[in-house]
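So the structure is just underneath, and the comments pick up after that.
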Amino acid sequence: MYRIDALRYKARCNISSMRALVTGGGGFIGSALASELLENGHDVRVLENFITGERDQIPDGSELIEADLRDRDAVIAASRGIDVVFHQGAIRSVPRSVDQPDLVTECNVIGTLNVLIGAAASGVRRVVYASSSSVYGDVQEGLQHEDAAPNPVSPYAASKLAAEYYCRVWAQLYGVSTISLRYFNVFGPGQQPDSRYAAVFPGFVMALSERRSPEVHWDGQQARDFTYVDDVVAANLAAASADLRTDGAVINIGGGDPKTVNEVLRAVSDVLGVWIEPTLLPKRAGDIRRTHADISRAKAILGWEPRADWKAAVTLTARGIRRKLMNTQHA
């Protein structure tokens, strides 16, 4: 992982040793989490189908099970002997969910249901589920608090909310300890740079590195509460050992200082030393105007708060994605 020195702190995880299953461990967040778990001395099993994950992202020292979340028997088998499941596996793109709502629903909803069934069958102590700020919908101003009524506006958002409800029900009816973390726009060096569904940071790095005009949808003034990946990893570790009375809870994980898409473009441009005027495109289906996390619950329950410095995080992210892009092109 590409780390900010200030983030080299032990997450508030009071488990000295655990056997962890990371679904989606070949993806951006899952691989970072699996690496940190291994570094902290835990046994790690990864379940990955490589629809979006990458084989070379699977950290050395982990046990790989190549299987699909939609395969219930495989998920149950992967859950045996596990203490904590970090459920990161998902199709994460709003635009892709508009194009392929059936695939996104199957992977995100049925996949989560299978994880919960596997956890119940195997006596897993806790499932930490990766949800999304997209469940709030298009909030124009103010903070998004967990008690606010959700209003998903894309198949992706609907799938993440449905899976949250399954986590809550399994905690209430089947005794499976669950916590859902609502991620706010996670970014970092491990993001894929070359997908047509690439997130904002990889998309800008790829365009500027190739001396192309970066694409900005809408007017670029839409703001996001960007959260550095190391902070998200720390939140997951803290959630693994949080009080059992939090079962079924949803908790925001956000950076706390929203930036507009135009600000991100300028910041990436400064790091790479290249400025090209963006090409303005229409608003994408399912896009929202603003996200801004209320993280008071994360502070109270998890003892967590974001620690990443924006400039340092952008620098590591832009340089890391550019390096990843160059390695891919020369492979």
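Starting from 1 in every chain, residues are counted up; chains themselves are A, B, ... following the order of the structure tokens, and ligands are numbered from 1 as listed.
Running DSSP on the backbone and keeping only strand (DSSP E), the residues of segment 221-262 of chain A that qualify are Ala223, Arg224, Thr227, Tyr228, Ala249, Val250, Ile251, Asn252, Ile253, Lys259 and Thr260 of chain A.
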Saved selection, atoms kept: C-alpha atoms, as an mmCIF file, in the first residue's frame:
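Below is the file part_10.cif, written as the result:
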data_model
loop_
_atom_site.group_PDB
_atom_site.id
_atom_site.type_symbol
_atom_site.label_atom_id
_atom_site.label_comp_id
_atom_site.auth_asym_id
_atom_site.auth_seq_id
_atom_site.Cartn_x
_atom_site.Cartn_y
_atom_site.Cartn_z
ATOM 1 C CA ALA A 223 -19.033 17.864 -4.401
ATOM 2 C CA ARG A 224 -17.950 14.611 -2.789
ATOM 3 C CA THR A 227 -12.162 9.433 1.948
ATOM 4 C CA TYR A 228 -8.636 8.076 1.724
ATOM 5 C CA ALA A 249 -25.894 -0.547 13.040
ATOM 6 C CA VAL A 250 -24.999 1.588 10.022
ATOM 7 C CA ILE A 251 -22.057 3.987 10.383
ATOM 8 C CA ASN A 252 -20.807 6.737 8.052
ATOM 9 C CA ILE A 253 -17.147 6.661 7.050
ATOM 10 C CA LYS A 259 -14.288 18.750 -2.629
ATOM 11 C CA THR A 260 -15.829 19.526 -6.002
#
Using only C-alpha atoms, which residues sit within 12 Å of segment 152-162 of chain A once same-chain residues fewer than 4 positions away are excluded, as a PyMOL selection string? chain A and resi 87-113+129-139+146+166-169+180-183+250+284-289
File dump, residues just selected, C-alpha atoms, as a compact mmCIF listing (two decimals), in the first residue's frame:
# COMPACT_ATOMS: atom_id res chain seq x y z
CA HIS A 87 -17.56 -8.07 3.00
CA GLN A 88 -16.03 -5.80 0.36
CA GLY A 89 -17.09 -7.75 -2.72
CA ALA A 90 -19.47 -5.81 -4.97
CA ILE A 91 -19.98 -4.16 -8.33
CA ARG A 92 -19.31 -0.57 -7.22
CA SER A 93 -20.10 1.67 -10.17
CA VAL A 94 -23.25 3.81 -10.41
CA PRO A 95 -22.97 4.12 -14.23
CA ARG A 96 -22.43 0.38 -14.56
CA SER A 97 -25.49 -0.27 -12.41
CA VAL A 98 -27.54 1.83 -14.83
CA ASP A 99 -26.18 -0.22 -17.74
CA GLN A 100 -26.32 -3.61 -16.00
CA PRO A 101 -28.84 -3.47 -13.13
CA ASP A 102 -29.33 -7.24 -13.12
CA LEU A 103 -25.62 -8.00 -12.64
CA VAL A 104 -25.27 -5.37 -9.91
CA THR A 105 -28.35 -6.62 -8.06
CA GLU A 106 -27.25 -10.25 -8.22
CA CYS A 107 -23.72 -9.53 -7.00
CA ASN A 108 -24.54 -6.90 -4.40
CA VAL A 109 -27.81 -8.20 -2.94
CA ILE A 110 -27.80 -11.97 -3.51
CA GLY A 111 -24.06 -12.00 -2.87
CA THR A 112 -24.56 -10.32 0.51
CA LEU A 113 -27.40 -12.68 1.37
CA TYR A 129 -20.33 -4.89 5.42
CA ALA A 130 -19.13 -2.24 2.95
CA SER A 131 -22.14 -0.05 2.16
CA SER A 132 -22.21 3.32 0.41
CA SER A 133 -23.15 6.96 0.88
CA SER A 134 -25.15 6.61 -2.33
CA VAL A 135 -28.07 5.27 -0.24
CA TYR A 136 -28.83 8.87 0.86
CA GLY A 137 -29.64 10.02 -2.66
CA ASP A 138 -29.42 13.60 -3.89
CA VAL A 139 -28.96 15.75 -0.77
CA GLU A 146 -27.40 7.73 9.47
CA TYR A 166 -30.43 -7.89 5.10
CA CYS A 167 -27.52 -7.30 7.50
CA ARG A 168 -29.87 -5.73 10.03
CA VAL A 169 -32.40 -8.55 9.72
CA SER A 180 -22.59 -1.70 7.88
CA LEU A 181 -20.07 1.01 7.02
CA ARG A 182 -21.33 3.63 4.58
CA TYR A 183 -18.25 4.62 2.61
CA VAL A 250 -25.00 1.59 10.02
CA ARG A 284 -24.75 11.05 -15.82
CA ALA A 285 -27.83 9.06 -14.85
CA GLY A 286 -27.91 8.46 -11.11
CA ASP A 287 -25.42 11.23 -10.31
CA ILE A 288 -26.01 13.35 -7.20
CA ARG A 289 -25.01 16.88 -6.27
Pick from A:Leu33, A:Ser209, A:Ile117, A:Phe50, whichever lies nearest to Arg72 of chain A using only C-alpha atoms: A:Ile117
Close residues, Leu37 of chain A itself excluded, 12 Å, only C-alpha atoms, min 6 positions apart in chain, as JSON, numbers by chain: {"A": [10, 11, 13, 15, 16, 17, 18, 19, 20, 21, 22, 25, 30, 31, 43, 44, 45, 46, 59, 60, 61, 62, 84, 85, 86, 233, 234, 236, 237, 238, 240]}
Got time to write the residues from that selection, C-alpha atoms, as an mmCIF file, in the first residue's frame?
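Ended up saving to result09.cif:
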data_model
loop_
_atom_site.group_PDB
_atom_site.id
_atom_site.type_symbol
_atom_site.label_atom_id
_atom_site.label_comp_id
_atom_site.auth_asym_id
_atom_site.auth_seq_id
_atom_site.Cartn_x
_atom_site.Cartn_y
_atom_site.Cartn_z
ATOM 1 C CA LYS A 10 -2.971 1.025 15.020
ATOM 2 C CA ALA A 11 -6.669 0.965 14.304
ATOM 3 C CA CYS A 13 -9.018 -3.331 16.929
ATOM 4 C CA ILE A 15 -8.581 -8.617 18.634
ATOM 5 C CA SER A 16 -5.063 -9.945 19.053
ATOM 6 C CA SER A 17 -5.482 -12.618 16.406
ATOM 7 C CA MET A 18 -8.319 -13.485 14.078
ATOM 8 C CA ARG A 19 -9.110 -15.522 11.017
ATOM 9 C CA ALA A 20 -10.538 -13.092 8.501
ATOM 10 C CA LEU A 21 -12.372 -13.589 5.229
ATOM 11 C CA VAL A 22 -12.150 -10.636 2.834
ATOM 12 C CA GLY A 25 -9.908 -9.093 -1.799
ATOM 13 C CA GLY A 30 -10.398 -5.276 -0.294
ATOM 14 C CA SER A 31 -6.743 -5.755 -1.209
ATOM 15 C CA ASP A 43 -4.807 -15.058 9.056
ATOM 16 C CA VAL A 44 -6.483 -13.912 5.844
ATOM 17 C CA ARG A 45 -8.617 -15.773 3.346
ATOM 18 C CA VAL A 46 -9.681 -13.942 0.177
ATOM 19 C CA PRO A 59 -1.564 -9.990 -1.140
ATOM 20 C CA ASP A 60 1.130 -12.599 -0.598
ATOM 21 C CA GLY A 61 0.434 -14.703 2.461
ATOM 22 C CA SER A 62 -3.333 -14.830 2.013
ATOM 23 C CA VAL A 84 -14.743 -11.989 11.002
ATOM 24 C CA VAL A 85 -15.962 -11.467 7.440
ATOM 25 C CA PHE A 86 -15.029 -8.155 5.825
ATOM 26 C CA VAL A 233 -9.147 0.259 6.285
ATOM 27 C CA ALA A 234 -8.770 1.627 9.814
ATOM 28 C CA ASN A 236 -12.988 -1.716 9.146
ATOM 29 C CA LEU A 237 -10.491 -2.894 11.737
ATOM 30 C CA ALA A 238 -12.215 -0.820 14.387
ATOM 31 C CA ALA A 240 -14.317 -5.780 13.777
#
Selection: 10 Å around Gly303 of chain A, only C-alpha atoms, excl. self and same-chain fewer than 4 positions, as a list in words: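 Non-adjacent residues within range: Ala11, Arg12, Ala235, Ala238, Ala239, Ala242, Ser296, Arg297, Ala298 and Lys299 of chain A.
Within the 7 Å cut-off around segment 73-82 of chain A, using only C-alpha atoms and omitting residues fewer than 3 positions from it on the same chain, the listed residues are Arg19, Ala20, Leu21, Ala67, Leu69, Asn114, Val115, Gly118, Ala119, Ser122 and Val124 of chain A.
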For Thr52 of chain A, which residue out of A:Ser195, A:Phe187, A:Asn151, A:Tyr165 is the nearest one, using only C-alpha atoms?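 Closest to Thr52 of chain A, using only C-alpha atoms: A:Ser195.
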For Ala148 of chain A, the nearest of the candidates A:Ala163, A:Ala293, A:Leu244, A:Ile51, counting only C-alpha atoms: A:Ala293
Would you mind telling me which residue in A:Ile179, A:Ala171, A:Met206, A:Ala149 lies nearest to Lys324 of chain A when using only C-alpha atoms?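 Among A:Ile179, A:Ala171, A:Met206, A:Ala149, it is A:Met206 that comes nearest to Lys324 of chain A.
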If you run DSSP on the backbone here, which positions in segment 162-254 of chain A get helix (DSSP H, G or I)? Please write them as a ChimeraX atom specification. /A:162-173,200-209,229-240,244-246
Using only C-alpha atoms, pick whichever of A:Gln222, A:Gln172, A:Thr315, A:Ser269 has the shortest atom-to-atom distance to Gly188 of chain A.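 Counting only C-alpha atoms, the residue closest to Gly188 of chain A is A:Thr315.
The spacing separating atom CA of Arg211 of chain A from atom CA of Leu272 of chain A amounts to 11.0 Å.
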What does the structure give for the distance between atom CA of Arg55 of chain A and atom CA of Gly190 of chain A, in Å to one decimal? 12.9 Å
Length of the atom CA of Leu47 of chain A to atom CA of Asp68 of chain A vector [Å]: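 Between atom CA of Leu47 of chain A and atom CA of Asp68 of chain A the gap works out to 7.7 Å.
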